[in-house]
$ cat my_file_39.pdb   # PDB, C-alpha atoms (C1' of nucleotides)
ATOM      1  CA  MET A   1       3.572  40.592 -20.078
ATOM      2  CA  ALA A   2       4.669  37.025 -19.627
ATOM      3  CA  ARG A   3       2.638  34.087 -18.553
ATOM      4  CA  ALA A   4       0.954  34.311 -15.177
ATOM      5  CA  ALA A   5       3.076  33.120 -12.280
ATOM      6  CA  THR A   6       2.713  29.502 -11.316
ATOM      7  CA  THR A   7       1.938  30.724  -7.827
ATOM      8  CA  THR A   8      -1.028  32.724  -9.049
ATOM      9  CA  ASP A   9      -3.601  30.044  -8.359
ATOM     10  CA  ALA A  10      -4.209  26.319  -8.289
ATOM     11  CA  PHE A  11      -4.825  26.287 -12.046
ATOM     12  CA  ASN A  12      -1.315  27.452 -12.791
ATOM     13  CA  ALA A  13       0.330  25.468 -10.028
ATOM     14  CA  VAL A  14      -1.249  22.261 -11.168
ATOM     15  CA  ALA A  15      -0.494  22.781 -14.851
ATOM     16  CA  GLU A  16       2.973  21.399 -14.176
ATOM     17  CA  PRO A  17       2.999  17.578 -14.427
ATOM     18  CA  ARG A  18       5.702  17.259 -11.797
ATOM     19  CA  ARG A  19       3.605  19.091  -9.281
ATOM     20  CA  ARG A  20       0.661  16.878 -10.015
ATOM     21  CA  GLU A  21       2.910  13.893  -9.429
ATOM     22  CA  ILE A  22       3.924  15.362  -6.105
ATOM     23  CA  LEU A  23       0.327  15.826  -5.065
ATOM     24  CA  ASP A  24      -0.510  12.322  -6.208
ATOM     25  CA  ALA A  25       2.337  10.990  -4.131
ATOM     26  CA  LEU A  26       1.290  13.001  -1.098
ATOM     27  CA  ALA A  27      -2.263  11.782  -1.508
ATOM     28  CA  GLY A  28      -1.116   8.626   0.247
ATOM     29  CA  GLY A  29      -0.021  10.582   3.298
ATOM     30  CA  GLU A  30       2.762  12.766   4.604
ATOM     31  CA  LEU A  31       6.106  12.508   2.880
ATOM     32  CA  ALA A  32       9.518  14.080   3.346
ATOM     33  CA  VAL A  33      11.355  15.880   0.556
ATOM     34  CA  GLY A  34      13.766  13.011   0.250
ATOM     35  CA  ASP A  35      10.961  10.544  -0.327
ATOM     36  CA  LEU A  36       9.597  12.721  -3.088
ATOM     37  CA  THR A  37      12.935  13.150  -4.857
ATOM     38  CA  GLU A  38      13.231   9.393  -4.899
ATOM     39  CA  LEU A  39       9.668   8.819  -6.072
ATOM     40  CA  LEU A  40       9.875  11.442  -8.808
ATOM     41  CA  GLY A  41      13.434  10.717  -9.832
ATOM     42  CA  LEU A  42      14.037  14.438  -9.713
ATOM     43  CA  ALA A  43      16.865  16.351  -8.075
ATOM     44  CA  GLN A  44      16.250  17.638  -4.572
ATOM     45  CA  PRO A  45      16.385  21.379  -5.360
ATOM     46  CA  GLN A  46      13.762  20.964  -8.061
ATOM     47  CA  VAL A  47      11.482  19.114  -5.711
ATOM     48  CA  SER A  48      11.922  21.813  -3.096
ATOM     49  CA  LYS A  49      11.061  24.455  -5.649
ATOM     50  CA  HIS A  50       7.945  22.655  -6.773
ATOM     51  CA  LEU A  51       6.941  22.259  -3.155
ATOM     52  CA  ARG A  52       7.428  25.956  -2.642
ATOM     53  CA  VAL A  53       4.993  26.712  -5.433
ATOM     54  CA  LEU A  54       2.496  24.246  -4.028
ATOM     55  CA  ARG A  55       2.890  25.806  -0.601
ATOM     56  CA  GLU A  56       2.345  29.306  -1.925
ATOM     57  CA  VAL A  57      -0.988  28.364  -3.429
ATOM     58  CA  GLY A  58      -1.883  26.436  -0.308
ATOM     59  CA  LEU A  59      -1.939  23.031  -1.941
ATOM     60  CA  VAL A  60       0.410  21.563   0.640
ATOM     61  CA  ASP A  61       1.167  22.132   4.287
ATOM     62  CA  VAL A  62       4.508  21.515   5.966
ATOM     63  CA  ARG A  63       5.472  20.177   9.314
ATOM     64  CA  ASP A  64       8.927  20.019  10.837
ATOM     65  CA  ASP A  65      10.201  16.657  11.938
ATOM     66  CA  GLY A  66      13.763  16.804  13.133
ATOM     67  CA  ARG A  67      15.927  17.624  10.189
ATOM     68  CA  ARG A  68      13.230  16.575   7.772
ATOM     69  CA  ARG A  69      10.181  18.434   6.590
ATOM     70  CA  LEU A  70       6.999  16.480   6.110
ATOM     71  CA  TYR A  71       4.658  17.673   3.426
ATOM     72  CA  ARG A  72       0.955  16.993   3.314
ATOM     73  CA  VAL A  73      -1.729  17.706   0.728
ATOM     74  CA  ASN A  74      -4.451  20.239   1.215
ATOM     75  CA  GLY A  75      -7.044  19.789  -1.486
ATOM     76  CA  ALA A  76      -9.000  22.922  -0.696
ATOM     77  CA  PRO A  77      -7.540  25.115  -3.462
ATOM     78  CA  LEU A  78      -8.401  22.408  -5.969
ATOM     79  CA  ARG A  79     -12.027  23.024  -5.315
ATOM     80  CA  ALA A  80     -11.931  26.088  -7.564
ATOM     81  CA  VAL A  81     -10.497  23.993 -10.372
ATOM     82  CA  HIS A  82     -13.089  21.323  -9.847
ATOM     83  CA  ASP A  83     -15.953  23.784  -9.681
ATOM     84  CA  TRP A  84     -14.889  25.353 -12.927
ATOM     85  CA  VAL A  85     -14.238  22.194 -14.875
ATOM     86  CA  VAL A  86     -17.272  20.314 -13.628
ATOM     87  CA  ARG A  87     -19.533  22.733 -15.427
ATOM     88  CA  TYR A  88     -18.251  21.290 -18.685
ATOM     89  CA  GLU A  89     -19.004  17.723 -17.739
ATOM     90  CA  ARG A  90     -22.208  17.888 -19.716
ATOM     91  CA  LEU A  91     -20.327  19.005 -22.811
ATOM     92  CA  TRP A  92     -18.152  15.989 -23.120
ATOM     93  CA  ASN A  93     -21.119  13.841 -22.320
ATOM     94  CA  GLU A  94     -23.048  15.555 -25.116
ATOM     95  CA  ARG A  95     -20.170  14.548 -27.279
ATOM     96  CA  PHE A  96     -20.892  10.994 -26.370
ATOM     97  CA  ASP A  97     -24.541  11.594 -27.145
ATOM     98  CA  LEU A  98     -23.550  12.713 -30.627
ATOM     99  CA  ILE A  99     -21.402   9.656 -31.037
ATOM    100  CA  ASP A 100     -24.354   7.619 -29.856
ATOM    101  CA  ASP A 101     -26.515   9.146 -32.529
ATOM    102  CA  VAL A 102     -23.947   8.304 -35.169
ATOM    103  CA  LEU A 103     -23.664   4.811 -33.785
ATOM    104  CA  ASP A 104     -27.426   4.438 -33.816
ATOM    105  CA  GLU A 105     -27.591   5.482 -37.423
ATOM    106  CA  LEU A 106     -24.762   3.179 -38.342
ATOM    107  CA  THR A 107     -26.423   0.355 -36.502
ATOM    108  CA  ARG A 108     -29.707   0.985 -38.203
ATOM    109  CA  THR A 109     -28.105   1.225 -41.632
ATOM    110  CA  THR A 110     -26.145  -1.948 -41.075
ATOM    111  CA  SER A 111     -29.006  -3.622 -39.238
ATOM    112  CA  GLU A 112     -29.726  -6.012 -42.089
ATOM    113  CA  ALA A 113     -26.112  -7.233 -42.092
ATOM    114  CA  SER A 114     -25.629  -7.650 -38.334
ATOM    115  CA  GLU A 115     -28.769  -7.403 -36.302
ATOM    116  CA  ALA A 116     -27.469  -8.222 -32.812
ATOM    117  CA  SER A 117     -24.788  -5.508 -32.451
ATOM    118  CA  GLY A 118     -26.295  -3.685 -29.490
ATOM    119  CA  SER A 119     -23.057  -2.131 -28.293
ATOM    120  CA  SER A 120     -24.373   1.416 -28.010
ATOM    121  CA  THR A 121     -26.575   0.651 -25.034
ATOM    122  CA  ALA A 122     -23.629   0.625 -22.667
ATOM    123  CA  THR A 123     -22.632   4.111 -23.781
ATOM    124  CA  THR A 124     -26.181   5.274 -23.262
ATOM    125  CA  GLU A 125     -25.943   4.048 -19.704
ATOM    126  CA  GLU A 126     -22.788   6.067 -19.189
ATOM    127  CA  THR A 127     -24.334   9.167 -20.681
ATOM    128  CA  GLY A 128     -27.553   8.774 -18.810
ATOM    129  CA  ARG A 129     -26.713  11.315 -16.118
ATOM    130  CA  GLY A 130     -28.456  14.162 -17.883
ATOM    131  CA  ASP A 131     -31.510  15.681 -16.211
TER     132      ASP A 131
ATOM    133  CA  MET B   1      14.046  24.200 -19.836
ATOM    134  CA  ALA B   2      11.201  26.660 -19.656
ATOM    135  CA  ARG B   3       7.647  26.070 -18.635
ATOM    136  CA  ALA B   4       5.699  23.543 -20.656
ATOM    137  CA  ALA B   5       3.960  24.983 -23.699
ATOM    138  CA  THR B   6       0.411  26.130 -23.197
ATOM    139  CA  THR B   7      -0.503  23.843 -26.065
ATOM    140  CA  THR B   8       0.846  20.820 -24.243
ATOM    141  CA  ASP B   9      -2.462  19.791 -22.746
ATOM    142  CA  ALA B  10      -5.750  21.044 -21.369
ATOM    143  CA  PHE B  11      -4.144  21.705 -17.983
ATOM    144  CA  ASN B  12      -1.771  24.258 -19.424
ATOM    145  CA  ALA B  13      -4.236  25.724 -21.882
ATOM    146  CA  VAL B  14      -6.803  26.310 -19.191
ATOM    147  CA  ALA B  15      -4.372  27.805 -16.704
ATOM    148  CA  GLU B  16      -4.794  31.111 -18.505
ATOM    149  CA  PRO B  17      -7.816  33.051 -17.152
ATOM    150  CA  ARG B  18      -8.533  34.631 -20.509
ATOM    151  CA  ARG B  19      -8.852  31.257 -22.126
ATOM    152  CA  ARG B  20     -11.221  30.122 -19.426
ATOM    153  CA  GLU B  21     -13.287  33.223 -20.084
ATOM    154  CA  ILE B  22     -13.373  32.332 -23.750
ATOM    155  CA  LEU B  23     -14.574  28.829 -22.996
ATOM    156  CA  ASP B  24     -17.162  30.188 -20.589
ATOM    157  CA  ALA B  25     -18.405  32.526 -23.265
ATOM    158  CA  LEU B  26     -18.526  29.764 -25.843
ATOM    159  CA  ALA B  27     -20.416  27.561 -23.426
ATOM    160  CA  GLY B  28     -23.514  29.479 -24.459
ATOM    161  CA  GLY B  29     -23.042  28.500 -28.074
ATOM    162  CA  GLU B  30     -21.037  29.326 -31.161
ATOM    163  CA  LEU B  31     -19.410  32.735 -31.308
ATOM    164  CA  ALA B  32     -17.312  34.632 -33.810
ATOM    165  CA  VAL B  33     -13.933  36.137 -32.944
ATOM    166  CA  GLY B  34     -15.430  39.598 -33.004
ATOM    167  CA  ASP B  35     -18.025  38.652 -30.417
ATOM    168  CA  LEU B  36     -15.297  37.338 -28.153
ATOM    169  CA  THR B  37     -13.109  40.412 -28.463
ATOM    170  CA  GLU B  38     -16.100  42.456 -27.417
ATOM    171  CA  LEU B  39     -17.067  40.177 -24.559
ATOM    172  CA  LEU B  40     -13.523  39.924 -23.217
ATOM    173  CA  GLY B  41     -12.567  43.529 -23.865
ATOM    174  CA  LEU B  42      -9.379  42.192 -25.381
ATOM    175  CA  ALA B  43      -7.739  43.097 -28.679
ATOM    176  CA  GLN B  44      -8.565  40.916 -31.650
ATOM    177  CA  PRO B  45      -5.061  39.462 -32.220
ATOM    178  CA  GLN B  46      -4.889  38.328 -28.606
ATOM    179  CA  VAL B  47      -8.214  36.610 -28.875
ATOM    180  CA  SER B  48      -7.125  34.886 -32.058
ATOM    181  CA  LYS B  49      -3.974  33.689 -30.364
ATOM    182  CA  HIS B  50      -5.845  32.337 -27.376
ATOM    183  CA  LEU B  51      -8.218  30.585 -29.738
ATOM    184  CA  ARG B  52      -5.284  29.059 -31.515
ATOM    185  CA  VAL B  53      -4.043  27.548 -28.286
ATOM    186  CA  LEU B  54      -7.494  26.246 -27.474
ATOM    187  CA  ARG B  55      -7.755  24.770 -30.947
ATOM    188  CA  GLU B  56      -4.397  23.057 -30.674
ATOM    189  CA  VAL B  57      -5.451  21.220 -27.535
ATOM    190  CA  GLY B  58      -8.811  20.454 -29.067
ATOM    191  CA  LEU B  59     -10.839  22.543 -26.658
ATOM    192  CA  VAL B  60     -12.594  24.391 -29.470
ATOM    193  CA  ASP B  61     -13.667  23.618 -32.994
ATOM    194  CA  VAL B  62     -13.967  26.137 -35.800
ATOM    195  CA  ARG B  63     -16.404  26.545 -38.597
ATOM    196  CA  ASP B  64     -16.235  28.982 -41.478
ATOM    197  CA  ASP B  65     -19.149  31.301 -41.937
ATOM    198  CA  GLY B  66     -18.537  33.786 -44.699
ATOM    199  CA  ARG B  67     -15.801  36.090 -43.603
ATOM    200  CA  ARG B  68     -16.268  35.110 -40.003
ATOM    201  CA  ARG B  69     -15.103  32.067 -38.115
ATOM    202  CA  LEU B  70     -17.428  30.557 -35.593
ATOM    203  CA  TYR B  71     -15.858  28.888 -32.613
ATOM    204  CA  ARG B  72     -17.474  26.228 -30.532
ATOM    205  CA  VAL B  73     -16.443  24.474 -27.328
ATOM    206  CA  ASN B  74     -15.421  20.869 -27.184
ATOM    207  CA  GLY B  75     -15.264  19.802 -23.565
ATOM    208  CA  ALA B  76     -13.672  16.430 -24.235
ATOM    209  CA  PRO B  77     -10.089  17.410 -23.336
ATOM    210  CA  LEU B  78     -11.354  18.782 -20.040
ATOM    211  CA  ARG B  79     -12.280  15.313 -19.007
ATOM    212  CA  ALA B  80      -8.644  14.586 -18.153
ATOM    213  CA  VAL B  81      -8.552  17.627 -15.908
ATOM    214  CA  HIS B  82     -11.787  16.636 -14.267
ATOM    215  CA  ASP B  83     -10.719  13.062 -13.764
ATOM    216  CA  TRP B  84      -7.530  14.150 -12.099
ATOM    217  CA  VAL B  85      -8.979  16.814  -9.848
ATOM    218  CA  VAL B  86     -12.034  14.841  -8.826
ATOM    219  CA  ARG B  87      -9.857  12.383  -6.975
ATOM    220  CA  TYR B  88      -9.092  15.125  -4.491
ATOM    221  CA  GLU B  89     -12.700  15.948  -3.833
ATOM    222  CA  ARG B  90     -12.617  13.897  -0.685
ATOM    223  CA  LEU B  91      -9.678  15.880   0.611
ATOM    224  CA  TRP B  92     -11.375  19.237   0.653
ATOM    225  CA  ASN B  93     -14.487  17.626   1.996
ATOM    226  CA  GLU B  94     -12.450  16.261   4.864
ATOM    227  CA  ARG B  95     -11.436  19.835   5.440
ATOM    228  CA  PHE B  96     -15.071  20.737   5.695
ATOM    229  CA  ASP B  97     -15.596  17.851   8.049
ATOM    230  CA  LEU B  98     -12.968  19.373  10.295
ATOM    231  CA  ILE B  99     -14.659  22.741  10.081
ATOM    232  CA  ASP B 100     -17.918  21.014  10.850
ATOM    233  CA  ASP B 101     -16.415  19.523  13.968
ATOM    234  CA  VAL B 102     -15.265  22.933  15.071
ATOM    235  CA  LEU B 103     -18.646  24.399  14.304
ATOM    236  CA  ASP B 104     -20.334  21.619  16.223
ATOM    237  CA  GLU B 105     -18.167  22.289  19.209
ATOM    238  CA  LEU B 106     -18.785  26.020  18.958
ATOM    239  CA  THR B 107     -22.503  25.437  18.637
ATOM    240  CA  ARG B 108     -22.512  23.143  21.617
ATOM    241  CA  THR B 109     -20.483  25.544  23.691
ATOM    242  CA  THR B 110     -22.683  28.481  22.738
ATOM    243  CA  SER B 111     -25.869  26.456  22.823
ATOM    244  CA  GLU B 112     -27.101  28.127  25.983
ATOM    245  CA  ALA B 113     -26.706  31.591  24.440
ATOM    246  CA  SER B 114     -28.323  30.992  21.027
ATOM    247  CA  GLU B 115     -30.170  27.744  20.730
ATOM    248  CA  ALA B 116     -31.787  28.207  17.304
ATOM    249  CA  SER B 117     -28.608  28.866  15.279
ATOM    250  CA  GLY B 118     -28.787  25.751  13.142
ATOM    251  CA  SER B 119     -26.490  27.084  10.456
ATOM    252  CA  SER B 120     -24.156  24.134  10.555
ATOM    253  CA  THR B 121     -26.792  21.713   9.344
ATOM    254  CA  ALA B 122     -26.578  23.150   5.855
ATOM    255  CA  THR B 123     -22.855  22.539   5.822
ATOM    256  CA  THR B 124     -23.444  19.004   6.997
ATOM    257  CA  GLU B 125     -25.776  18.537   4.082
ATOM    258  CA  GLU B 126     -23.107  19.737   1.705
ATOM    259  CA  THR B 127     -20.524  17.493   3.244
ATOM    260  CA  GLY B 128     -22.831  14.572   3.451
ATOM    261  CA  ARG B 129     -21.539  12.908   0.322
ATOM    262  CA  GLY B 130     -18.966  10.868   2.177
ATOM    263  CA  ASP B 131     -19.437   7.133   2.602
TER     264      ASP B 131
ATOM    265  C1'  DT C   1      33.097  20.765  18.160
ATOM    266  C1'  DT C   2      33.176  18.454  13.852
ATOM    267  C1'  DG C   3      31.073  15.949  10.322
ATOM    268  C1'  DA C   4      27.133  13.893   8.096
ATOM    269  C1'  DC C   5      22.607  14.555   6.804
ATOM    270  C1'  DA C   6      18.080  16.958   5.045
ATOM    271  C1'  DC C   7      16.432  20.732   3.040
ATOM    272  C1'  DA C   8      16.105  25.596   1.137
ATOM    273  C1'  DT C   9      18.098  29.237  -1.757
ATOM    274  C1'  DA C  10      20.969  31.558  -5.078
ATOM    275  C1'  DC C  11      22.556  31.643  -9.301
ATOM    276  C1'  DC C  12      22.911  30.777 -14.712
ATOM    277  C1'  DC C  13      20.347  29.879 -18.941
ATOM    278  C1'  DA C  14      17.283  28.531 -22.936
ATOM    279  C1'  DT C  15      12.616  28.995 -23.751
ATOM    280  C1'  DA C  16       7.750  30.250 -24.412
ATOM    281  C1'  DT C  17       4.659  33.402 -22.853
ATOM    282  C1'  DG C  18       0.906  37.204 -23.529
ATOM    283  C1'  DG C  19       0.141  41.772 -24.651
ATOM    284  C1'  DG C  20       0.963  45.589 -28.223
ATOM    285  C1'  DT C  21       1.167  47.030 -32.947
ATOM    286  C1'  DA C  22       1.493  46.361 -37.854
ATOM    287  C1'  DT C  23       0.390  43.681 -41.644
ATOM    288  C1'  DA C  24      -1.068  39.604 -44.577
ATOM    289  C1'  DT C  25      -5.029  36.692 -46.100
ATOM    290  C1'  DG C  26      -9.604  36.000 -47.345
ATOM    291  C1'  DT C  27     -14.603  37.542 -48.003
ATOM    292  C1'  DT C  28     -18.397  40.470 -48.986
ATOM    293  C1'  DT C  29     -20.268  44.670 -50.982
ATOM    294  C1'  DG C  30     -20.576  48.565 -54.261
TER     295       DG C  30
ATOM    296  C1'  DC D   1     -12.063  46.045 -59.619
ATOM    297  C1'  DA D   2     -11.695  48.684 -55.136
ATOM    298  C1'  DA D   3     -12.949  49.438 -50.456
ATOM    299  C1'  DA D   4     -14.614  47.728 -46.168
ATOM    300  C1'  DC D   5     -14.781  44.121 -43.097
ATOM    301  C1'  DA D   6     -13.219  39.794 -40.226
ATOM    302  C1'  DT D   7      -9.300  36.949 -38.871
ATOM    303  C1'  DA D   8      -4.843  35.257 -38.725
ATOM    304  C1'  DT D   9       0.227  36.073 -38.417
ATOM    305  C1'  DA D  10       4.539  38.335 -37.772
ATOM    306  C1'  DC D  11       7.107  40.910 -35.114
ATOM    307  C1'  DC D  12       9.131  43.213 -30.549
ATOM    308  C1'  DC D  13       9.630  42.835 -25.570
ATOM    309  C1'  DA D  14       9.545  42.169 -20.389
ATOM    310  C1'  DT D  15       8.939  38.370 -17.611
ATOM    311  C1'  DA D  16       8.841  33.934 -15.112
ATOM    312  C1'  DT D  17       9.780  29.416 -15.916
ATOM    313  C1'  DG D  18      12.134  24.727 -14.692
ATOM    314  C1'  DG D  19      16.208  22.259 -14.793
ATOM    315  C1'  DG D  20      21.289  22.205 -13.410
ATOM    316  C1'  DT D  21      24.825  23.122 -10.048
ATOM    317  C1'  DA D  22      26.711  25.261  -5.970
ATOM    318  C1'  DT D  23      26.080  26.822  -1.487
ATOM    319  C1'  DG D  24      23.603  28.385   2.824
ATOM    320  C1'  DT D  25      20.949  26.882   7.099
ATOM    321  C1'  DG D  26      19.519  23.944  10.576
ATOM    322  C1'  DT D  27      19.586  19.256  12.953
ATOM    323  C1'  DC D  28      21.421  14.944  14.606
ATOM    324  C1'  DA D  29      25.394  11.894  15.859
ATOM    325  C1'  DA D  30      30.181  10.943  17.486
TER     326       DA D  30
END

$ encode --input "my_file_39.pdb" --output "C-alpha cells"
Amino acid sequence: MARAATTTDAFNAVAEPRRREILDALAGGELAVGDLTELLGLAQPQVSKHLRVLREVGLVDVRDDGRRRLYRVNGAPLRAVHDWVVRYERLWNERFDLIDDVLDELTRTTSEASEASGSSTATTEETGRGD
Amino acid sequence: MARAATTTDAFNAVAEPRRREILDALAGGELAVGDLTELLGLAQPQVSKHLRVLREVGLVDVRDDGRRRLYRVNGAPLRAVHDWVVRYERLWNERFDLIDDVLDELTRTTSEASEASGSSTATTEETGRGD
DNA sequence: TTGACACATACCCATATGGGTATATGTTTG
DNA sequence: CAAACATATACCCATATGGGTATGTGTCAA
C-alpha cells in the first residue's frame, strides 16, 4: 500500500505546503485561478490540480464567473484537524513548564551573581492557561 | 517530484492516521513498542517505522529501558500545525453562524407549531466566541 | 466564425510511501 | 555461552504523488 491519497481528508490535503499557501491566499477572499498562479509563482495546471484536491476534501468552493472560476475557502473540514491538534496544546505548554523549572533552578543557582534576572515570569504568564 | 517526505514536518508526519493513533496512545504516558503494536493491532516493524518518522520530526522522544524502548510524546512540533489551523477557526464558525441563521428562520417559521424547541440556543452558545 | 483568453485534463516520470516478511542488533535469563 | 525476548533495518512491491508539457473545453471579443 502506498501513502493515503491527498484527497482522503483535510490532514492529507493540507500536508502540502502549496495547498496551504492557496488557502492562505483565499483567506482574503475569492480568487480566480490566474490570481493564484501569479501569487504562488506556480504553473496554472499545478494550481488547478491543487485546487481539485482542495475541492475534493471540501476545503474550497467554486463559482463560475464568465470564463474564470472563483475559488473560496471553506474552513469546515479544518475543524477536524483543529480538534485533534488542540488536544496536544497542553503538552507543548507542559514543555514550557519544564523549561520554566529549569530556568527557575538556573536563576536560583545564579541568584547570587545576578539577582534581578526575573525573565521567567513572562513565560509563566504564557503558560498560565492550565486549569 | 513526488510528494514531500513524511519526515518533512509535523504536517506530513501527522497526515498518517496510524501515526496519530500512536500519538494518541502515547498521550497517556510512556509506552514501549510492544504496547503500541498491541494497541494498534499493527505489526511490530510498521510501528517501529512510524515511530521513526515521529522521532525524525521531533514528535516523540525515546528512552532506553532494558531491552525495551519507551516512547513519549513531545507536542512542541504540533504547535506549528495548531498555529496555522487556528487562523481558520473563524471561518468554520462563520459557517455555523450561517446555519444558525437558517435555524433561526426555521424556528421562527415553525414557531406556531412547536414553541419550546430551543435547540438552537446551544449552537449559539458554541458559536458565541466571535467578537 | 475565428482568435484570444481562462481553466481543466491527460499524459510522462522520478520518488517516497506503508504494509509484508525476513533478518540484524542488543538485552536479559538460564 | 545459548536461548528467548524486544526493536530496528533491509528488502520487495503496488500505488499516488507533484511538477512539466501538451491539449481539450468553454467563454468572450472582433

$ residues_around --input "my_file_39.pdb" --residues "C:DT28" --least-positions-apart "3" --cutoff "9 Å" --atoms "only C-alpha atoms (C1' of nucleotides)" --output "count of residues only"
4

$ atom_distance --input "my_file_39.pdb" --atom1 "atom CA of B:Leu36" --atom2 "atom CA of B:Ala4"
26.2 Å

$ closest_atom_pairs --input "my_file_39.pdb" --of "chain C" --to "chain A" --cutoff "8 Å" --atoms "all atoms listed in the file" --output "JSON lines"
{"residue": "C:DA6", "atom": "C1'", "partner": "A:Arg68", "partner_atom": "CA", "distance": 5.6}
{"residue": "C:DC7", "atom": "C1'", "partner": "A:Arg68", "partner_atom": "CA", "distance": 7.1}
{"residue": "C:DA8", "atom": "C1'", "partner": "A:Ser48", "partner_atom": "CA", "distance": 7.1}
{"residue": "C:DT17", "atom": "C1'", "partner": "A:Arg3", "partner_atom": "CA", "distance": 4.8}
{"residue": "C:DG18", "atom": "C1'", "partner": "A:Ala2", "partner_atom": "CA", "distance": 5.4}
{"residue": "C:DG19", "atom": "C1'", "partner": "A:Met1", "partner_atom": "CA", "distance": 5.8}

$ write_last_selection --input "my_file_39.pdb" --atoms "C-alpha atoms (C1' of nucleotides)" --output "mmCIF file, in the coordinates of the input"
data_model
loop_
_atom_site.group_PDB
_atom_site.id
_atom_site.type_symbol
_atom_site.label_atom_id
_atom_site.label_comp_id
_atom_site.auth_asym_id
_atom_site.auth_seq_id
_atom_site.Cartn_x
_atom_site.Cartn_y
_atom_site.Cartn_z
ATOM 1 C "C1'" DA C 6 18.080 16.958 5.045
ATOM 2 C "C1'" DC C 7 16.432 20.732 3.040
ATOM 3 C "C1'" DA C 8 16.105 25.596 1.137
ATOM 4 C "C1'" DT C 17 4.659 33.402 -22.853
ATOM 5 C "C1'" DG C 18 0.906 37.204 -23.529
ATOM 6 C "C1'" DG C 19 0.141 41.772 -24.651
#

$ interface_residues --input "my_file_39.pdb" --of "chain D" --to "chain B" --cutoff "12 Å" --atoms "all atoms listed in the file" --output "short mmCIF file (atom, residue, chain, number, x, y, z; two decimals) with C-alpha atoms (C1' of nucleotides), keeping the file's coordinate frame"
data_model
loop_
_atom_site.label_atom_id
_atom_site.label_comp_id
_atom_site.auth_asym_id
_atom_site.auth_seq_id
_atom_site.Cartn_x
_atom_site.Cartn_y
_atom_site.Cartn_z
"C1'" DA D 4 -14.61 47.73 -46.17
"C1'" DC D 5 -14.78 44.12 -43.10
"C1'" DA D 6 -13.22 39.79 -40.23
"C1'" DT D 7 -9.30 36.95 -38.87
"C1'" DA D 8 -4.84 35.26 -38.72
"C1'" DT D 9 0.23 36.07 -38.42
"C1'" DA D 10 4.54 38.34 -37.77
"C1'" DA D 16 8.84 33.93 -15.11
"C1'" DT D 17 9.78 29.42 -15.92
"C1'" DG D 18 12.13 24.73 -14.69
"C1'" DG D 19 16.21 22.26 -14.79
"C1'" DG D 20 21.29 22.20 -13.41
#

$ residues_around --input "my_file_39.pdb" --residues "B:Val60" --least-positions-apart "4" --cutoff "8 Å" --atoms "all atoms listed in the file" --output "number ranges by chain"
B: 51, 54-55, 71-75

$ write_last_selection --input "my_file_39.pdb" --atoms "C-alpha atoms" --output "PDB file, keeping the file's coordinate frame"
ATOM      1  CA  LEU B  51      -8.218  30.585 -29.738  1.00  0.00           C
ATOM      2  CA  LEU B  54      -7.494  26.246 -27.474  1.00  0.00           C
ATOM      3  CA  ARG B  55      -7.755  24.770 -30.947  1.00  0.00           C
ATOM      4  CA  TYR B  71     -15.858  28.888 -32.613  1.00  0.00           C
ATOM      5  CA  ARG B  72     -17.474  26.228 -30.532  1.00  0.00           C
ATOM      6  CA  VAL B  73     -16.443  24.474 -27.328  1.00  0.00           C
ATOM      7  CA  ASN B  74     -15.421  20.869 -27.184  1.00  0.00           C
ATOM      8  CA  GLY B  75     -15.264  19.802 -23.565  1.00  0.00           C
TER       9      GLY B  75
END

$ closest_atom_pairs --input "my_file_39.pdb" --of "chain A" --to "chain B" --cutoff "6 Å" --atoms "only C-alpha atoms" --output "JSON lines"
{"residue": "A:Phe11", "atom": "CA", "partner": "B:Ala15", "partner_atom": "CA", "distance": 4.9}
{"residue": "A:Asn12", "atom": "CA", "partner": "B:Ala15", "partner_atom": "CA", "distance": 5.0}
{"residue": "A:Ala15", "atom": "CA", "partner": "B:Phe11", "partner_atom": "CA", "distance": 4.9}
{"residue": "A:Gly75", "atom": "CA", "partner": "B:Trp92", "partner_atom": "CA", "distance": 4.9}
{"residue": "A:Ala76", "atom": "CA", "partner": "B:Trp92", "partner_atom": "CA", "distance": 4.6}
{"residue": "A:Tyr88", "atom": "CA", "partner": "B:Gly75", "partner_atom": "CA", "distance": 5.9}
{"residue": "A:Leu91", "atom": "CA", "partner": "B:Gly75", "partner_atom": "CA", "distance": 5.2}
{"residue": "A:Trp92", "atom": "CA", "partner": "B:Ala76", "partner_atom": "CA", "distance": 4.6}

$ atom_distance --input "my_file_39.pdb" --atom1 "atom C1' of D:DA30" --atom2 "atom C1' of C:DT1"
10.3 Å

$ atom_distance --input "my_file_39.pdb" --atom1 "atom CA of A:Asp65" --atom2 "atom CA of A:Val47"
17.9 Å

$ closest_residue --input "my_file_39.pdb" --among "C:DT2, C:DT9, C:DT21, C:DT15" --to "D:DT15" --atoms "all atoms listed in the file"
C:DT15

$ closest_residue --input "my_file_39.pdb" --among "A:Arg63, A:Val57, A:Ile22, A:Thr7" --to "A:Asp35" --atoms "only C-alpha atoms"
A:Ile22
